[in-house]
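A.B. asks: If it helps, the file is called query.txt and holds compact mmCIF, C-alpha atoms:
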```
# COMPACT_ATOMS: atom_id res chain seq x y z
CA MET W 219 -51.00 -12.80 41.71
CA LEU W 220 -49.89 -9.17 41.55
CA TYR W 221 -50.64 -8.83 45.25
CA GLU W 222 -48.47 -11.86 46.05
CA ILE W 223 -45.59 -10.47 44.01
CA LEU W 224 -45.86 -7.16 45.87
CA ILE W 225 -45.65 -9.04 49.18
CA ILE W 226 -42.54 -10.86 47.94
CA ILE W 227 -40.95 -7.59 46.82
CA LEU W 228 -41.66 -6.13 50.26
CA LYS W 229 -40.00 -9.16 51.88
CA VAL W 230 -36.99 -8.78 49.58
CA PHE W 231 -36.61 -5.18 50.77
CA ILE W 232 -36.99 -6.28 54.39
CA ILE W 233 -34.00 -8.58 53.85
CA ILE W 234 -31.79 -6.38 51.65
CA ILE W 235 -32.03 -3.09 53.55
CA PRO W 236 -30.96 -4.40 57.00
CA LEU W 237 -28.31 -6.46 55.23
CA MET W 238 -26.85 -3.37 53.54
CA VAL W 239 -26.87 -1.52 56.86
CA SER W 240 -25.16 -4.48 58.55
CA ILE W 241 -22.48 -4.61 55.86
CA ALA W 242 -21.85 -0.87 56.17
CA TYR W 243 -21.65 -1.02 59.95
CA LEU W 244 -19.50 -4.14 59.93
CA THR W 245 -16.75 -2.01 58.37
CA TYR W 246 -17.21 0.51 61.18
CA PHE W 247 -17.29 -2.28 63.77
CA GLU W 248 -14.08 -3.73 62.32
CA ARG W 249 -12.22 -0.45 62.62
CA LYS W 250 -13.53 0.14 66.14
CA VAL W 251 -12.68 -3.38 67.35
CA ILE W 252 -9.21 -3.40 65.82
CA GLY W 253 -8.68 0.10 67.18
CA ALA W 254 -9.64 -1.05 70.67
CA ILE W 255 -7.37 -4.11 70.45
CA GLN W 256 -4.46 -1.88 69.39
CA LEU W 257 -5.30 0.71 72.10
CA ARG W 258 -6.45 3.31 69.58
CA LYS W 259 -9.79 5.05 69.35
CA GLY W 260 -10.76 4.08 65.83
CA PRO W 261 -13.03 6.35 63.77
CA ASN W 262 -14.46 9.04 66.10
CA VAL W 263 -14.72 12.27 64.10
CA VAL W 264 -17.71 11.89 61.75
CA GLY W 265 -20.83 12.11 63.90
CA PRO W 266 -21.18 10.86 67.50
CA PHE W 267 -18.54 8.12 68.15
CA GLY W 268 -17.81 8.23 64.43
CA LEU W 269 -21.12 6.53 63.72
CA PHE W 270 -21.56 8.27 60.36
CA GLN W 271 -18.19 7.05 59.12
CA PRO W 272 -19.61 4.26 56.86
CA ILE W 273 -21.97 6.76 55.22
CA ALA W 274 -19.12 9.20 54.61
CA ASP W 275 -17.03 6.36 53.16
CA GLY W 276 -19.88 5.34 50.90
CA ILE W 277 -20.37 8.85 49.53
CA LYS W 278 -16.64 9.19 49.00
CA LEU W 279 -16.42 5.94 47.03
CA LEU W 280 -19.48 6.83 45.00
CA THR W 281 -18.16 10.20 43.84
CA LYS W 282 -14.69 9.00 42.83
CA GLU W 283 -13.75 8.38 39.22
CA THR W 284 -14.30 4.89 37.80
CA ILE W 285 -11.09 4.02 35.97
CA PHE W 286 -11.06 1.53 33.11
CA PRO W 287 -7.44 0.53 32.36
CA GLN W 288 -6.75 0.72 28.64
CA ASN W 289 -5.48 -2.87 28.41
CA ALA W 290 -8.43 -4.32 30.28
CA ASN W 291 -11.30 -6.25 28.78
CA LYS W 292 -13.75 -3.52 29.65
CA PHE W 293 -16.99 -5.45 29.71
CA ILE W 294 -15.75 -8.30 31.95
CA PHE W 295 -13.84 -5.76 34.00
CA ALA W 296 -17.02 -3.84 34.75
CA PHE W 297 -19.21 -6.89 35.18
CA SER W 298 -17.13 -8.84 37.72
CA PRO W 299 -17.67 -6.52 40.75
CA ILE W 300 -21.38 -6.39 39.92
CA LEU W 301 -21.51 -10.18 39.84
CA THR W 302 -19.52 -10.52 43.07
CA PHE W 303 -21.80 -8.21 44.98
CA ALA W 304 -25.05 -9.63 43.61
CA LEU W 305 -23.91 -13.17 44.49
CA ALA W 306 -22.98 -12.07 47.99
CA LEU W 307 -26.57 -10.92 48.48
CA LEU W 308 -28.22 -13.84 46.74
CA SER W 309 -27.66 -16.53 49.37
CA TRP W 310 -29.73 -14.57 51.87
CA ALA W 311 -32.90 -15.61 50.07
CA VAL W 312 -32.87 -18.93 51.95
CA ILE W 313 -31.34 -18.06 55.35
CA PRO W 314 -33.92 -18.59 58.11
CA ILE W 315 -33.59 -15.76 60.63
CA ASP W 316 -36.33 -17.04 62.91
CA TYR W 317 -38.88 -19.84 62.89
CA LYS W 318 -40.70 -19.47 59.54
CA VAL W 319 -39.01 -16.11 58.95
CA VAL W 320 -37.35 -16.79 55.60
CA LEU W 321 -37.94 -15.54 52.08
CA SER W 322 -37.98 -18.96 50.45
CA ASP W 323 -37.91 -22.15 52.52
CA ILE W 324 -36.63 -24.44 49.74
CA ASN W 325 -35.94 -28.08 50.58
CA VAL W 326 -32.38 -27.97 49.18
CA GLY W 327 -31.38 -24.83 51.09
CA ILE W 328 -27.87 -25.87 52.08
CA MET W 329 -27.09 -27.00 48.54
CA TYR W 330 -28.33 -23.67 47.17
CA ILE W 331 -25.96 -21.79 49.47
CA PHE W 332 -23.11 -24.13 48.56
CA ALA W 333 -23.77 -23.53 44.85
CA ILE W 334 -24.05 -19.75 45.13
CA SER W 335 -20.91 -19.46 47.22
CA SER W 336 -19.03 -21.56 44.64
CA LEU W 337 -20.10 -19.10 41.95
CA GLY W 338 -18.41 -16.32 43.91
CA ILE W 339 -15.06 -17.52 42.55
CA TYR W 340 -16.08 -16.44 39.04
CA GLY W 341 -16.22 -12.80 40.04
CA ILE W 342 -12.67 -12.95 41.36
CA ILE W 343 -11.20 -14.90 38.42
CA MET W 344 -12.92 -12.60 35.93
CA ALA W 345 -11.66 -9.51 37.75
CA GLY W 346 -8.09 -10.78 37.84
CA TRP W 347 -8.02 -11.91 34.25
CA SER W 348 -9.78 -8.94 32.69
CA SER W 349 -7.63 -6.36 34.53
CA ASN W 350 -4.70 -7.59 32.45
CA SER W 351 -2.27 -6.73 35.22
CA ARG W 352 0.32 -9.06 36.72
CA TYR W 353 -0.60 -8.26 40.30
CA ALA W 354 -4.29 -8.68 39.76
CA PHE W 355 -3.81 -11.91 37.86
CA LEU W 356 -1.58 -13.49 40.50
CA GLY W 357 -3.92 -12.35 43.23
CA ALA W 358 -6.92 -13.84 41.46
CA LEU W 359 -5.17 -17.17 40.88
CA ARG W 360 -4.12 -17.40 44.50
CA SER W 361 -7.53 -16.43 45.70
CA ALA W 362 -9.31 -18.94 43.48
CA ALA W 363 -6.96 -21.80 44.44
CA GLN W 364 -7.40 -20.98 48.11
CA MET W 365 -11.17 -20.74 47.92
CA ILE W 366 -11.67 -24.01 46.06
CA SER W 367 -9.27 -25.81 48.42
CA TYR W 368 -11.21 -24.79 51.48
CA GLU W 369 -14.54 -25.33 49.80
CA VAL W 370 -13.72 -29.05 49.78
CA SER W 371 -13.40 -29.18 53.55
CA ILE W 372 -16.48 -26.97 54.02
CA GLY W 373 -18.46 -29.37 51.83
CA LEU W 374 -17.28 -32.44 53.73
CA ILE W 375 -18.15 -30.85 57.07
CA ILE W 376 -21.62 -30.00 55.77
CA ILE W 377 -22.00 -33.72 54.94
CA SER W 378 -21.33 -34.63 58.59
CA ILE W 379 -24.02 -32.18 59.68
CA LEU W 380 -26.44 -33.54 57.08
CA LEU W 381 -25.88 -37.07 58.34
CA THR W 382 -26.87 -35.96 61.82
CA ALA W 383 -29.77 -33.73 60.75
CA GLY W 384 -31.07 -35.89 57.89
CA SER W 385 -32.33 -32.92 55.88
CA LEU W 386 -31.08 -30.33 53.40
CA ASN W 387 -33.61 -27.74 54.54
CA LEU W 388 -31.99 -25.07 56.70
CA SER W 389 -35.00 -24.64 59.00
CA GLU W 390 -35.14 -28.38 59.64
CA ILE W 391 -31.40 -28.44 60.35
CA VAL W 392 -31.97 -25.76 63.00
CA LEU W 393 -35.03 -27.51 64.46
CA SER W 394 -33.14 -30.81 64.75
CA GLN W 395 -30.76 -29.04 67.15
CA GLU W 396 -33.54 -28.50 69.68
CA ASN W 397 -31.99 -30.83 72.28
CA TYR W 398 -28.34 -30.00 71.73
CA TRP W 399 -26.50 -27.78 69.30
CA TYR W 400 -24.27 -29.56 66.82
CA ILE W 401 -21.27 -27.73 68.22
CA ILE W 402 -21.30 -30.31 71.05
CA PRO W 403 -21.00 -33.59 69.09
CA HIS W 404 -19.15 -31.96 66.18
CA PHE W 405 -16.83 -29.66 68.09
CA PRO W 406 -13.63 -30.44 66.09
CA MET W 407 -15.57 -29.86 62.88
CA PHE W 408 -16.82 -26.52 64.23
CA LEU W 409 -13.23 -25.35 64.62
CA ILE W 410 -12.25 -26.57 61.14
CA PHE W 411 -15.38 -25.05 59.64
CA PHE W 412 -14.68 -21.69 61.23
CA ILE W 413 -11.07 -21.68 60.02
CA SER W 414 -12.25 -22.70 56.55
CA THR W 415 -14.73 -19.83 56.45
CA LEU W 416 -11.84 -17.48 57.26
CA ALA W 417 -9.99 -18.86 54.24
CA GLU W 418 -13.11 -18.91 52.08
CA THR W 419 -13.78 -15.21 52.65
CA ASN W 420 -10.08 -14.35 52.15
CA ARG W 421 -9.80 -12.94 55.66
CA ALA W 422 -6.74 -12.69 57.87
CA PRO W 423 -4.71 -14.83 58.64
CA PHE W 424 -5.46 -16.22 55.14
CA ASP W 425 -5.67 -12.88 53.31
CA LEU W 426 -2.87 -13.84 50.91
CA PRO W 427 -4.76 -12.74 47.79
CA GLU W 428 -4.55 -9.18 49.00
CA ALA W 429 -1.15 -9.43 50.67
CA GLU W 430 -0.50 -5.71 50.42
CA SER W 431 3.24 -6.06 50.91
CA GLU W 432 3.78 -8.24 47.82
CA LEU W 433 0.68 -8.17 45.62
CA VAL W 434 -0.42 -4.60 46.44
CA ALA W 435 -4.09 -5.55 46.74
CA GLY W 436 -4.56 -8.77 44.80
CA TYR W 437 -7.35 -9.08 42.28
CA ASN W 438 -8.74 -5.60 42.86
CA VAL W 439 -5.56 -3.55 42.21
CA GLU W 440 -6.99 -1.92 39.10
CA TYR W 441 -10.39 -1.13 40.56
CA SER W 442 -11.45 2.26 41.81
CA SER W 443 -14.57 4.01 43.00
CA MET W 444 -17.74 1.93 43.26
CA THR W 445 -16.28 -0.99 41.31
CA PHE W 446 -13.86 -1.42 44.20
CA GLY W 447 -16.64 -0.63 46.63
CA LEU W 448 -18.75 -3.49 45.31
CA PHE W 449 -15.89 -5.96 45.86
CA PHE W 450 -15.40 -4.58 49.34
CA LEU W 451 -19.09 -4.78 50.22
CA GLY W 452 -19.25 -8.27 48.71
CA GLU W 453 -16.40 -9.45 50.93
CA TYR W 454 -18.09 -8.15 54.07
CA GLY W 455 -21.42 -9.54 52.94
CA ASN W 456 -19.77 -12.93 52.56
CA MET W 457 -18.37 -12.66 56.08
CA ILE W 458 -21.86 -12.11 57.47
CA LEU W 459 -23.22 -14.94 55.33
CA MET W 460 -20.54 -17.39 56.48
CA SER W 461 -21.18 -16.44 60.12
CA ALA W 462 -24.89 -17.01 59.56
CA MET W 463 -24.11 -20.41 58.04
CA THR W 464 -21.91 -21.37 61.01
CA THR W 465 -24.72 -20.27 63.30
CA ILE W 466 -27.28 -22.38 61.48
CA LEU W 467 -25.12 -25.47 61.18
CA PHE W 468 -23.45 -25.50 64.60
CA LEU W 469 -24.93 -22.94 66.98
CA GLY W 470 -28.61 -23.79 66.64
CA GLY W 471 -29.73 -20.83 64.49
CA TRP W 472 -32.47 -18.89 66.24
CA LEU W 473 -32.78 -21.36 69.17
CA PRO W 474 -31.90 -20.02 72.64
CA PRO W 475 -29.02 -21.73 74.48
CA LEU W 476 -31.34 -23.26 77.08
CA ASN W 477 -35.01 -24.01 76.58
CA ASN W 478 -36.34 -22.17 79.66
CA ASP W 479 -38.96 -19.44 80.06
CA PHE W 480 -36.52 -16.60 80.52
CA PHE W 481 -34.55 -17.33 77.36
CA ASN W 482 -37.71 -17.91 75.37
CA LEU W 483 -38.85 -14.37 76.19
CA ILE W 484 -36.18 -13.05 73.84
CA PRO W 485 -37.32 -13.47 70.24
CA GLY W 486 -35.46 -15.93 68.03
CA PHE W 487 -34.03 -13.46 65.54
CA VAL W 488 -32.30 -11.64 68.42
CA TRP W 489 -30.54 -14.89 69.36
CA PHE W 490 -29.64 -15.38 65.72
CA MET W 491 -28.17 -11.88 65.45
CA LEU W 492 -26.30 -12.25 68.75
CA LYS W 493 -24.65 -15.47 67.55
CA VAL W 494 -23.78 -13.99 64.16
CA SER W 495 -22.36 -10.86 65.82
CA PHE W 496 -20.23 -12.95 68.13
CA LEU W 497 -18.80 -14.92 65.21
CA LEU W 498 -18.12 -11.69 63.31
CA PHE W 499 -16.34 -10.36 66.37
CA VAL W 500 -14.12 -13.46 66.34
CA PHE W 501 -13.38 -12.79 62.64
CA LEU W 502 -12.11 -9.32 63.56
CA TRP W 503 -10.34 -10.53 66.70
CA VAL W 504 -8.42 -13.07 64.62
CA ARG W 505 -7.48 -10.38 62.12
CA ALA W 506 -6.09 -8.14 64.84
CA THR W 507 -4.18 -10.98 66.55
CA LEU W 508 -2.65 -13.42 64.07
CA PRO W 509 0.09 -12.84 61.46
CA ARG W 510 -0.44 -13.90 57.85
CA TYR W 511 0.12 -17.49 56.72
CA ARG W 512 2.60 -18.48 54.02
CA TYR W 513 0.97 -19.73 50.82
CA ASP W 514 2.43 -23.26 50.94
CA GLN W 515 1.41 -23.56 54.59
CA LEU W 516 -2.08 -22.46 53.68
CA MET W 517 -2.46 -25.05 50.92
CA SER W 518 -1.00 -27.88 52.98
CA LEU W 519 -3.28 -26.98 55.88
CA GLY W 520 -6.29 -27.25 53.61
CA TRP W 521 -5.35 -30.38 51.68
CA LYS W 522 -3.22 -32.36 54.13
CA LEU W 523 -4.97 -31.66 57.40
CA PHE W 524 -8.53 -30.41 56.96
CA LEU W 525 -9.48 -32.68 54.07
CA PRO W 526 -8.39 -36.00 55.68
CA LEU W 527 -9.79 -34.94 59.06
CA SER W 528 -13.21 -34.00 57.73
CA LEU W 529 -13.36 -37.15 55.59
CA PHE W 530 -12.45 -39.23 58.65
CA TRP W 531 -15.14 -37.43 60.66
CA ILE W 532 -17.80 -38.36 58.10
CA ILE W 533 -16.87 -42.02 58.51
CA ILE W 534 -16.97 -41.77 62.32
CA THR W 535 -20.30 -39.93 62.25
CA SER W 536 -21.88 -42.47 59.94
CA ILE W 537 -20.62 -45.41 62.03
CA VAL W 538 -21.93 -43.85 65.25
CA LEU W 539 -25.27 -43.04 63.62
CA TYR W 540 -25.55 -46.52 62.19
CA TYR W 541 -25.19 -48.17 65.59
CA TYR W 542 -27.42 -45.77 67.54
CA MET Y 155 -41.86 -24.50 41.95
CA ASN Y 156 -43.58 -21.66 43.78
CA GLU Y 157 -40.73 -21.50 46.26
CA TYR Y 158 -38.31 -20.44 43.55
CA ILE Y 159 -40.26 -17.37 42.42
CA PRO Y 160 -39.15 -15.34 45.50
CA ILE Y 161 -35.56 -16.34 44.71
CA LEU Y 162 -35.97 -15.12 41.14
CA ILE Y 163 -37.33 -11.80 42.38
CA PHE Y 164 -34.49 -11.58 44.89
CA LEU Y 165 -32.01 -12.22 42.08
CA ILE Y 166 -33.51 -9.45 39.97
CA PHE Y 167 -33.29 -7.00 42.86
CA ALA Y 168 -29.75 -8.03 43.78
CA PHE Y 169 -28.56 -7.37 40.24
CA LEU Y 170 -30.58 -4.14 40.01
CA LEU Y 171 -28.87 -2.90 43.16
CA SER Y 172 -25.43 -3.89 41.86
CA PHE Y 173 -25.93 -2.34 38.43
CA GLY Y 174 -27.56 0.69 40.03
CA ALA Y 175 -24.59 1.35 42.33
CA PHE Y 176 -22.19 0.91 39.41
CA PHE Y 177 -23.95 3.23 36.96
CA PHE Y 178 -24.84 5.78 39.61
CA SER Y 179 -21.17 6.05 40.55
CA ILE Y 180 -20.19 6.50 36.89
CA PHE Y 181 -22.86 9.18 36.62
CA VAL Y 182 -21.95 11.22 39.73
CA GLY Y 183 -18.21 10.50 39.84
CA LYS Y 184 -15.75 12.94 38.37
CA LYS Y 185 -14.11 12.18 35.05
CA SER Y 186 -10.61 13.19 34.11
CA SER Y 187 -8.69 10.39 32.47
CA TYR Y 188 -5.34 10.56 30.75
CA ALA Y 189 -2.92 7.93 29.46
CA GLU Y 190 -0.86 7.54 32.64
CA LYS Y 191 -3.91 7.13 34.83
CA ASN Y 192 -5.42 4.55 32.52
CA SER Y 193 -2.27 2.45 32.17
CA THR Y 194 -1.84 -0.81 34.08
CA TYR Y 195 -0.45 -0.44 37.59
CA GLU Y 196 3.24 -1.32 37.83
CA CYS Y 197 4.83 0.34 40.92
CA GLY Y 198 5.69 3.66 39.26
CA PHE Y 199 7.03 2.25 35.98
CA GLU Y 200 5.50 2.18 32.58
CA PRO Y 201 3.96 -1.30 32.39
CA PHE Y 202 6.50 -3.82 31.02
CA ASP Y 203 4.04 -6.31 29.56
CA ASP Y 204 0.54 -7.60 30.19
CA SER Y 205 -0.58 -10.69 32.09
CA ARG Y 206 -1.46 -12.84 29.06
CA GLY Y 207 1.47 -15.14 29.68
CA ARG Y 208 2.35 -18.40 31.34
CA PHE Y 209 1.65 -19.15 34.98
CA GLU Y 210 2.42 -21.86 37.50
CA VAL Y 211 0.89 -25.24 36.55
CA LYS Y 212 0.21 -25.94 40.26
CA PHE Y 213 -2.95 -23.86 40.12
CA TYR Y 214 -4.25 -26.08 37.36
CA LEU Y 215 -3.48 -29.18 39.43
CA VAL Y 216 -5.40 -27.76 42.38
CA ALA Y 217 -8.37 -27.14 40.11
CA ILE Y 218 -8.33 -30.77 38.92
CA LEU Y 219 -8.12 -32.10 42.47
CA PHE Y 220 -10.97 -29.80 43.43
CA ILE Y 221 -13.21 -31.18 40.70
CA ILE Y 222 -12.64 -34.75 41.92
CA PHE Y 223 -13.43 -33.93 45.53
CA ASP Y 224 -16.32 -31.63 44.73
CA LEU Y 225 -17.94 -34.37 42.65
CA GLU Y 226 -17.48 -36.69 45.58
CA ILE Y 227 -19.18 -34.18 47.89
CA ILE Y 228 -22.14 -33.88 45.53
CA PHE Y 229 -22.27 -37.68 45.47
CA LEU Y 230 -22.32 -37.74 49.28
CA PHE Y 231 -25.21 -35.25 49.60
CA PRO Y 232 -28.09 -37.63 48.73
CA TRP Y 233 -26.41 -40.44 50.64
CA ALA Y 234 -26.21 -38.32 53.80
CA VAL Y 235 -29.86 -37.27 53.59
CA ALA Y 236 -31.14 -40.80 52.95
CA PHE Y 237 -28.76 -42.38 55.46
CA SER Y 238 -31.41 -43.56 57.93
CA GLU Y 239 -33.29 -45.46 55.19
CA ILE Y 240 -30.60 -47.20 53.16
CA GLY Y 241 -29.37 -49.60 55.85
CA LEU Y 242 -26.17 -51.61 55.97
CA PHE Y 243 -25.83 -52.02 52.20
CA GLY Y 244 -25.93 -48.26 51.58
CA PHE Y 245 -23.50 -47.66 54.40
CA LEU Y 246 -20.98 -50.24 53.16
CA SER Y 247 -21.22 -49.10 49.53
CA MET Y 248 -20.28 -45.58 50.50
CA MET Y 249 -17.46 -46.84 52.74
CA PHE Y 250 -16.09 -48.77 49.76
CA PHE Y 251 -16.34 -45.66 47.57
CA LEU Y 252 -14.55 -43.56 50.18
CA PHE Y 253 -11.89 -46.26 50.50
CA VAL Y 254 -11.19 -46.17 46.75
CA LEU Y 255 -11.06 -42.41 46.87
CA THR Y 256 -8.66 -42.48 49.81
CA ILE Y 257 -6.28 -44.70 47.84
CA GLY Y 258 -6.23 -42.08 45.09
CA PHE Y 259 -5.72 -39.34 47.63
CA VAL Y 260 -2.80 -41.15 49.29
CA TYR Y 261 -1.24 -41.69 45.86
CA GLU Y 262 -1.49 -37.96 45.07
CA TRP Y 263 0.02 -37.13 48.43
CA MET Y 264 2.94 -39.52 47.95
CA LYS Y 265 3.54 -38.18 44.42
CA GLY Y 266 3.89 -34.71 45.90
CA ALA Y 267 0.91 -33.19 44.13
CA LEU Y 268 -0.02 -31.41 47.35
CA ASP Y 269 3.40 -29.80 47.95
CA TRP Y 270 3.92 -26.15 47.10
CA SER Y 271 7.67 -25.71 47.48
```
Will you turn the file into structure tokens for me?
C.D. replies:
Amino acid sequence: MLYEILIIILKVFIIIIPLMVSIAYLTYFERKVIGAIQLRKGPNVVGPFGLFQPIADGIKLLTKETIFPQNANKFIFAFSPILTFALALLSWAVIPIDYKVVLSDINVGIMYIFAISSLGIYGIIMAGWSSNSRYAFLGALRSAAQMISYEVSIGLIIISILLTAGSLNLSEIVLSQENYWYIIPHFPMFLIFFISTLAETNRAPFDLPEAESELVAGYNVEYSSMTFGLFFLGEYGNMILMSAMTTILFLGGWLPPLNNDFFNLIPGFVWFMLKVSFLLFVFLWVRATLPRYRYDQLMSLGWKLFLPLSLFWIIITSIVLYYY
Amino acid sequence: MNEYIPILIFLIFAFLLSFGAFFFSIFVGKKSSYAEKNSTYECGFEPFDDSRGRFEVKFYLVAILFIIFDLEIIFLFPWAVAFSEIGLFGFLSMMFFLFVLTIGFVYEWMKGALDWS
């Protein structure tokens, strides 16, 4: 029993440590990619090619002063970044990186992820409310409304995938894409899902909660030091998680693009990481290219376009599946 | 049940890491607080008032709509997984449910519950 628990703890570390490194280097990658798109160099001073920049940033954040505003509800104020970051990590317990390479292969995997990512809203609402600041409060309200709106379309798209795969288990969803990835029959839903994940993670062009020109920084105005750092890391962790989810649902997870000998030489987790990295690159590409949406446009896009379309797609998928 | 023990251990470690980062930063970070630094941010002014006031009712409306649709999604989950076994009756029942829901949705739309201007 003790031995088994030690093995599990070892596995937990094998997941968390690369994840932390990925989150840290995603911030570096973002600055490099946006720098390249804007014909700048990006970070290049700390270490070779600026590779130690995330570490320097981390140490800087860690040694700054943690400010508790006097009007804030101190306990909730301190707890919300902790909750946000822990929840951002938690979904990784069920993500299959390769065949049978997963911490816990539960049979309701997709529902678990859906539940955990819904809980993420609590961290933001609690942060905005407990800061007791107008900016933070407005930012949190906007952010929460935006996230729940797009969660509806994400949920409906997941239903279409479930209809096709016939299972809630993430590994089985990947294995059912052996012949063709779901991006082929569900291509319109792939686009909507990707745009919804942009909105769900509060990324550009839907980064209204932190519209720096009007709301200063949204729900994390009052945060400093590591409390801010935890929100920041949580946001990037959620980006990686959403890319992993898109990979599993639409891009065939760890499966190679073609089932031939050459592609099978490359191990599955490399394919998985390549797909996730590509999606993350698109996240950054979008941020560097598109201007910010207006809030009413954002809400009408979610409710008036994505919701009816994804509902309609469920009906089409079920009719097609019923007759074939 | 055994599958959920790793998740529990993962949860413990995720929170340990979060709490650890938080308390470590309080421990090593510098401390020099005074009234101005600790006051609520307000673009260079003394804060006028706090945020315990009224806010736009639209946000509340969105939350209500979300609950309806999220319930519907949860209702669709078992249907989608069992779809190959429930046959024509299961298929038509869900189509009827979606039809009723669509009527409600169209009503909301026409009433302007989805407009933000």
A.B. asks: Using all atoms listed in the file, find which residues of chain W lie within 7 Å of chain Y and jot them down as a PyMOL selection string.
C.D. replies: chain W and resi 226+230+280-288+300+303-304+307-308+311+321-324+350-352+355+363+366-367+370+373-374+377+380-381+384-385+440+444-445+514+518+521
A.B. asks: One decimal, Å: what's the distance from CA of Leu502 in chain W over to CA of Glu248 in chain W, could you say?
C.D. replies: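 Taking CA of Leu502 in chain W as the start and CA of Glu248 in chain W as the end point, the length is 6.1 Å.
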A.B. asks: For a cutoff of 10 Å around the file-coordinate point (-13.0, -22.7, 54.5), which residues qualify once you count only C-alpha atoms? I'd like the result as JSON, numbers by chain.
C.D. replies: {"W": [364, 365, 366, 367, 368, 369, 370, 371, 372, 373, 375, 410, 411, 412, 413, 414, 415, 416, 417, 418, 419, 420, 424, 460, 520, 524]}
A.B. asks: I need the chosen residues saved as a PDB file, in the frame of the given file, with C-alpha atoms.
C.D. replies:
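Saved result, out.pdb, follows:
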```
ATOM      1  CA  GLN W 364      -7.400 -20.980  48.110  1.00  0.00           C
ATOM      2  CA  MET W 365     -11.170 -20.740  47.920  1.00  0.00           C
ATOM      3  CA  ILE W 366     -11.670 -24.010  46.060  1.00  0.00           C
ATOM      4  CA  SER W 367      -9.270 -25.810  48.420  1.00  0.00           C
ATOM      5  CA  TYR W 368     -11.210 -24.790  51.480  1.00  0.00           C
ATOM      6  CA  GLU W 369     -14.540 -25.330  49.800  1.00  0.00           C
ATOM      7  CA  VAL W 370     -13.720 -29.050  49.780  1.00  0.00           C
ATOM      8  CA  SER W 371     -13.400 -29.180  53.550  1.00  0.00           C
ATOM      9  CA  ILE W 372     -16.480 -26.970  54.020  1.00  0.00           C
ATOM     10  CA  GLY W 373     -18.460 -29.370  51.830  1.00  0.00           C
ATOM     11  CA  ILE W 375     -18.150 -30.850  57.070  1.00  0.00           C
ATOM     12  CA  ILE W 410     -12.250 -26.570  61.140  1.00  0.00           C
ATOM     13  CA  PHE W 411     -15.380 -25.050  59.640  1.00  0.00           C
ATOM     14  CA  PHE W 412     -14.680 -21.690  61.230  1.00  0.00           C
ATOM     15  CA  ILE W 413     -11.070 -21.680  60.020  1.00  0.00           C
ATOM     16  CA  SER W 414     -12.250 -22.700  56.550  1.00  0.00           C
ATOM     17  CA  THR W 415     -14.730 -19.830  56.450  1.00  0.00           C
ATOM     18  CA  LEU W 416     -11.840 -17.480  57.260  1.00  0.00           C
ATOM     19  CA  ALA W 417      -9.990 -18.860  54.240  1.00  0.00           C
ATOM     20  CA  GLU W 418     -13.110 -18.910  52.080  1.00  0.00           C
ATOM     21  CA  THR W 419     -13.780 -15.210  52.650  1.00  0.00           C
ATOM     22  CA  ASN W 420     -10.080 -14.350  52.150  1.00  0.00           C
ATOM     23  CA  PHE W 424      -5.460 -16.220  55.140  1.00  0.00           C
ATOM     24  CA  MET W 460     -20.540 -17.390  56.480  1.00  0.00           C
ATOM     25  CA  GLY W 520      -6.290 -27.250  53.610  1.00  0.00           C
ATOM     26  CA  PHE W 524      -8.530 -30.410  56.960  1.00  0.00           C
TER      27      PHE W 524
END
```
A.B. asks: Using all atoms listed in the file, find all polymer residues with an atom at most 10 Å away from the point (-12.7, 8.2, 64.5); report them as JSON, numbers by chain.
C.D. replies: {"W": [246, 249, 250, 253, 258, 259, 260, 261, 262, 263, 264, 265, 266, 267, 268, 269, 270, 271]}
A.B. asks: Just to confirm, what's the straight-line distance from CA of Phe480 in chain W to CA of Asn397 in chain W in Å (one decimal)?
C.D. replies: 17.1 Å
A.B. asks: Restricting the calculation to all atoms listed in the file: of W:Phe297, W:Tyr542, W:Ser348, W:Phe490, which residue gets closest to Val319 in chain W?
C.D. replies: W:Phe490
A.B. asks: What does the distance from CA of Gly258 in chain Y to CA of Trp531 in chain W come to in Å, to one decimal?
C.D. replies: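 Separation between CA of Gly258 in chain Y and CA of Trp531 in chain W: 18.5 Å.
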A.B. asks: Measuring atom to atom with only C-alpha atoms, identify which of W:Thr465, W:Ser336, W:Ser361, W:Thr507 is nearest to Ser389 in chain W.
C.D. replies: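 The closest residue to Ser389 in chain W is W:Thr465.
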A.B. asks: Could you check the closest approach to Gln395 in chain W for each of W:Tyr353, W:Phe332, W:Phe450, W:Trp472 and tell me which residue wins, using all atoms listed in the file?
C.D. replies: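 Among the listed residues, W:Trp472 lies closest to Gln395 in chain W.
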A.B. asks: Write out as a ChimeraX atom specification each polymer residue whose atoms come within 7 Å of Gly327 in chain W, counting only C-alpha atoms; drop sequence neighbours fewer than 6 positions from it.
C.D. replies: /W:312,386-388
